[in-house]
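Accompanying notes for the structure given below.
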Amino acid sequence: MKNKDNFIITIFIMTFVLSIAFSSISNVIAASFNELVLFIIMILVIAIGIIFDAIGTAGITAKESTFHSMSSAKVKGAKETLTLIKSGSKISSICNDVVGDVCGIVSGGLGAVLAISLSTTLNISNTLIAVILSAFISSLTVGGKAIMKKIAMKKADSIIFAVGKLKHLLRIK
């Protein structure tokens, strides 16, 4: 039970730190750029959330057996991939819940800033723009995650192996 409690505390702290970092960065960005750049950054934040959701899904769907022979053959990234798969529920929590949810919140915040900026620039009702942007952000996030989740379930081994190779390349333990 102690190990579970440590993981929950780690997730809490990680979420807190990521939220501060992403929110600070998005506030600086929002104050520094025009609406087009802000929109592109908002799309990138949504894309990051979608990609991490796919990684989290692949982490709990990938088959460990695929990578045992690769690991014994010393294929680069196979050992790291095995550690990812063995920690599938933790990887899923971090990727889906922490990164995915933080990206969702930050994209919503960027959307709110963008709505205010656009309503001032275009002299249109802030409420109308906020509703349209909110619907756009929600549909892109949910639709993108649904599409990527389906792909992640079919290509779980390939996706998690790509992350394992990246982990090997960056020498992350």
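By convention in this document, the chains of the structure tokens carry letters A, B, ... by their order, each chain's residues are numbered from 1, and ligands are numbered from 1 in the order they are shown.
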
Check which residues of range 60-136 of chain A sit at most 12 Å from range 28-46 of chain A using only C-alpha atoms, and return one row each with the closest pair of atoms and their distance in Å to one decimal, ordered by chain and rising number, as a Markdown table.
```
| residue | atom | partner | partner_atom | distance |
| --- | --- | --- | --- | --- |
| A:Val99 | CA | A:Val45 | CA | 10.1 |
| A:Gly100 | CA | A:Ile46 | CA | 8.5 |
| A:Asp101 | CA | A:Ile46 | CA | 10.1 |
| A:Val102 | CA | A:Val45 | CA | 9.4 |
| A:Cys103 | CA | A:Val45 | CA | 5.7 |
| A:Gly104 | CA | A:Ile46 | CA | 6.7 |
| A:Ile105 | CA | A:Ile46 | CA | 9.7 |
| A:Val106 | CA | A:Val45 | CA | 7.4 |
| A:Ser107 | CA | A:Met42 | CA | 5.4 |
| A:Gly108 | CA | A:Met42 | CA | 8.4 |
| A:Gly109 | CA | A:Met42 | CA | 9.0 |
| A:Leu110 | CA | A:Met42 | CA | 6.1 |
| A:Gly111 | CA | A:Met42 | CA | 7.1 |
| A:Ala112 | CA | A:Ala30 | CA | 10.2 |
| A:Val113 | CA | A:Ala30 | CA | 6.8 |
| A:Leu114 | CA | A:Glu35 | CA | 6.4 |
| A:Ala115 | CA | A:Glu35 | CA | 9.1 |
| A:Ile116 | CA | A:Glu35 | CA | 10.1 |
| A:Ser117 | CA | A:Glu35 | CA | 7.0 |
| A:Leu118 | CA | A:Glu35 | CA | 7.0 |
| A:Ser119 | CA | A:Glu35 | CA | 10.8 |
| A:Thr120 | CA | A:Glu35 | CA | 11.0 |
| A:Thr121 | CA | A:Glu35 | CA | 9.2 |
| A:Leu122 | CA | A:Glu35 | CA | 11.1 |
| A:Leu133 | CA | A:Phe39 | CA | 10.0 |
| A:Ser134 | CA | A:Met42 | CA | 11.7 |
| A:Phe136 | CA | A:Ile43 | CA | 10.3 |
```

Atoms kept (N, CA, C and O atoms) for selection, written as an mmCIF file, in the first residue's frame:
```cif
data_model
loop_
_atom_site.group_PDB
_atom_site.id
_atom_site.type_symbol
_atom_site.label_atom_id
_atom_site.label_comp_id
_atom_site.auth_asym_id
_atom_site.auth_seq_id
_atom_site.Cartn_x
_atom_site.Cartn_y
_atom_site.Cartn_z
ATOM 1 N N VAL A 99 -0.649 14.262 -18.260
ATOM 2 C CA VAL A 99 -0.340 15.085 -19.430
ATOM 3 C C VAL A 99 -1.606 15.390 -20.229
ATOM 4 O O VAL A 99 -1.850 16.543 -20.607
ATOM 5 N N GLY A 100 -2.429 14.376 -20.471
ATOM 6 C CA GLY A 100 -3.654 14.579 -21.250
ATOM 7 C C GLY A 100 -4.595 15.583 -20.612
ATOM 8 O O GLY A 100 -5.113 16.483 -21.281
ATOM 9 N N ASP A 101 -4.818 15.464 -19.315
ATOM 10 C CA ASP A 101 -5.728 16.383 -18.625
ATOM 11 C C ASP A 101 -5.148 17.785 -18.509
ATOM 12 O O ASP A 101 -5.866 18.777 -18.679
ATOM 13 N N VAL A 102 -3.849 17.884 -18.242
ATOM 14 C CA VAL A 102 -3.221 19.207 -18.175
ATOM 15 C C VAL A 102 -3.319 19.895 -19.541
ATOM 16 O O VAL A 102 -3.643 21.088 -19.621
ATOM 17 N N CYS A 103 -3.076 19.150 -20.617
ATOM 18 C CA CYS A 103 -3.201 19.733 -21.960
ATOM 19 C C CYS A 103 -4.638 20.180 -22.226
ATOM 20 O O CYS A 103 -4.859 21.229 -22.844
ATOM 21 N N GLY A 104 -5.606 19.414 -21.759
ATOM 22 C CA GLY A 104 -7.001 19.801 -21.921
ATOM 23 C C GLY A 104 -7.314 21.102 -21.197
ATOM 24 O O GLY A 104 -8.002 21.989 -21.731
ATOM 25 N N ILE A 105 -6.815 21.239 -19.995
ATOM 26 C CA ILE A 105 -7.054 22.456 -19.212
ATOM 27 C C ILE A 105 -6.336 23.649 -19.834
ATOM 28 O O ILE A 105 -6.908 24.728 -19.981
ATOM 29 N N VAL A 106 -5.090 23.451 -20.240
ATOM 30 C CA VAL A 106 -4.323 24.541 -20.842
ATOM 31 C C VAL A 106 -4.946 24.963 -22.176
ATOM 32 O O VAL A 106 -5.046 26.163 -22.457
ATOM 33 N N SER A 107 -5.378 23.999 -22.994
ATOM 34 C CA SER A 107 -6.003 24.370 -24.269
ATOM 35 C C SER A 107 -7.294 25.146 -24.026
ATOM 36 O O SER A 107 -7.613 26.085 -24.765
ATOM 37 N N GLY A 108 -8.028 24.796 -22.992
ATOM 38 C CA GLY A 108 -9.222 25.555 -22.635
ATOM 39 C C GLY A 108 -8.876 26.969 -22.203
ATOM 40 O O GLY A 108 -9.553 27.936 -22.578
ATOM 41 N N GLY A 109 -7.816 27.110 -21.424
ATOM 42 C CA GLY A 109 -7.351 28.435 -21.005
ATOM 43 C C GLY A 109 -6.893 29.275 -22.187
ATOM 44 O O GLY A 109 -7.221 30.466 -22.288
ATOM 45 N N LEU A 110 -6.154 28.640 -23.097
ATOM 46 C CA LEU A 110 -5.729 29.348 -24.308
ATOM 47 C C LEU A 110 -6.939 29.750 -25.147
ATOM 48 O O LEU A 110 -6.967 30.838 -25.738
ATOM 49 N N GLY A 111 -7.937 28.865 -25.194
ATOM 50 C CA GLY A 111 -9.165 29.180 -25.925
ATOM 51 C C GLY A 111 -9.891 30.374 -25.332
ATOM 52 O O GLY A 111 -10.411 31.230 -26.060
ATOM 53 N N ALA A 112 -9.909 30.468 -24.008
ATOM 54 C CA ALA A 112 -10.558 31.606 -23.343
ATOM 55 C C ALA A 112 -9.825 32.909 -23.668
ATOM 56 O O ALA A 112 -10.462 33.925 -23.988
ATOM 57 N N VAL A 113 -8.487 32.873 -23.600
ATOM 58 C CA VAL A 113 -7.698 34.059 -23.933
ATOM 59 C C VAL A 113 -7.916 34.432 -25.395
ATOM 60 O O VAL A 113 -8.079 35.612 -25.744
ATOM 61 N N LEU A 114 -7.938 33.430 -26.265
ATOM 62 C CA LEU A 114 -8.160 33.659 -27.694
ATOM 63 C C LEU A 114 -9.550 34.245 -27.940
ATOM 64 O O LEU A 114 -9.715 35.162 -28.758
ATOM 65 N N ALA A 115 -10.546 33.757 -27.227
ATOM 66 C CA ALA A 115 -11.912 34.271 -27.376
ATOM 67 C C ALA A 115 -11.983 35.754 -27.002
ATOM 68 O O ALA A 115 -12.601 36.554 -27.717
ATOM 69 N N ILE A 116 -11.347 36.111 -25.904
ATOM 70 C CA ILE A 116 -11.341 37.520 -25.476
ATOM 71 C C ILE A 116 -10.622 38.385 -26.506
ATOM 72 O O ILE A 116 -11.108 39.453 -26.894
ATOM 73 N N SER A 117 -9.486 37.897 -26.975
ATOM 74 C CA SER A 117 -8.712 38.648 -27.963
ATOM 75 C C SER A 117 -9.486 38.811 -29.273
ATOM 76 O O SER A 117 -9.534 39.901 -29.841
ATOM 77 N N LEU A 118 -10.101 37.729 -29.738
ATOM 78 C CA LEU A 118 -10.866 37.787 -30.986
ATOM 79 C C LEU A 118 -12.097 38.674 -30.862
ATOM 80 O O LEU A 118 -12.446 39.403 -31.800
ATOM 81 N N SER A 119 -12.760 38.612 -29.729
ATOM 82 C CA SER A 119 -13.967 39.441 -29.567
ATOM 83 C C SER A 119 -13.611 40.924 -29.584
ATOM 84 O O SER A 119 -14.360 41.739 -30.107
ATOM 85 N N THR A 120 -12.452 41.255 -29.048
ATOM 86 C CA THR A 120 -12.000 42.642 -29.073
ATOM 87 C C THR A 120 -11.601 43.049 -30.492
ATOM 88 O O THR A 120 -11.992 44.105 -30.981
ATOM 89 N N THR A 121 -10.821 42.197 -31.153
ATOM 90 C CA THR A 121 -10.347 42.486 -32.509
ATOM 91 C C THR A 121 -11.491 42.563 -33.509
ATOM 92 O O THR A 121 -11.537 43.462 -34.340
ATOM 93 N N LEU A 122 -12.420 41.590 -33.446
ATOM 94 C CA LEU A 122 -13.507 41.505 -34.433
ATOM 95 C C LEU A 122 -14.768 42.244 -34.007
ATOM 96 O O LEU A 122 -15.719 42.306 -34.771
ATOM 97 N N LEU A 133 -15.373 28.456 -29.788
ATOM 98 C CA LEU A 133 -14.032 27.932 -29.511
ATOM 99 C C LEU A 133 -14.071 26.758 -28.541
ATOM 100 O O LEU A 133 -13.343 25.781 -28.706
ATOM 101 N N SER A 134 -14.929 26.844 -27.539
ATOM 102 C CA SER A 134 -15.070 25.746 -26.577
ATOM 103 C C SER A 134 -15.537 24.474 -27.278
ATOM 104 O O SER A 134 -15.008 23.382 -27.029
ATOM 105 N N PHE A 136 -15.148 23.778 -30.449
ATOM 106 C CA PHE A 136 -14.062 23.354 -31.340
ATOM 107 C C PHE A 136 -12.993 22.594 -30.559
ATOM 108 O O PHE A 136 -12.564 21.509 -30.965
#
```

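Of the listed residues A:Ile51, A:Leu82, A:Ile172, A:Val17, the one whose atoms come nearest to Lys63 in chain A is A:Leu82, with distances taken using only C-alpha atoms.
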
Item to check | Residue set, range 46-89 of chain A restricted to helix (DSSP H, G or I), as a PyMOL selection string | outcome: chain A and resi 46-61+65-72+78-86+88-89

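Using only C-alpha atoms, the shortest contact distance between Phe7 in chain A and any of A:Ile94, A:Ala58, A:Phe161, A:Asp53 is found at A:Ile94.
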
Item to check | Spatial neighbours of Phe52 in chain A, 8 Å, only C-alpha atoms, chain gap at least 3 places, as an MDAnalysis selection string | outcome: chainID A and resid 48:49 55:56 95:96 99:100

For the residues selected in the previous step, produce a file with C-alpha atoms as a CSV table (one decimal), in the first residue's frame.
```
chain,number,residue,atom,x,y,z
A,48,ILE,CA,0.3,16.8,-27.4
A,49,GLY,CA,-2.7,15.7,-25.3
A,55,ILE,CA,1.0,6.4,-25.7
A,56,GLY,CA,-0.9,5.8,-22.5
A,95,CYS,CA,0.2,10.0,-20.1
A,96,ASN,CA,-3.6,9.9,-20.2
A,99,VAL,CA,-0.3,15.1,-19.4
A,100,GLY,CA,-3.7,14.6,-21.3
```

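Considering the residues A:Val98, A:Ala135, A:Ala62, A:Lys165 and counting only C-alpha atoms, Val75 in chain A has its shortest atom-to-atom contact with A:Lys165.
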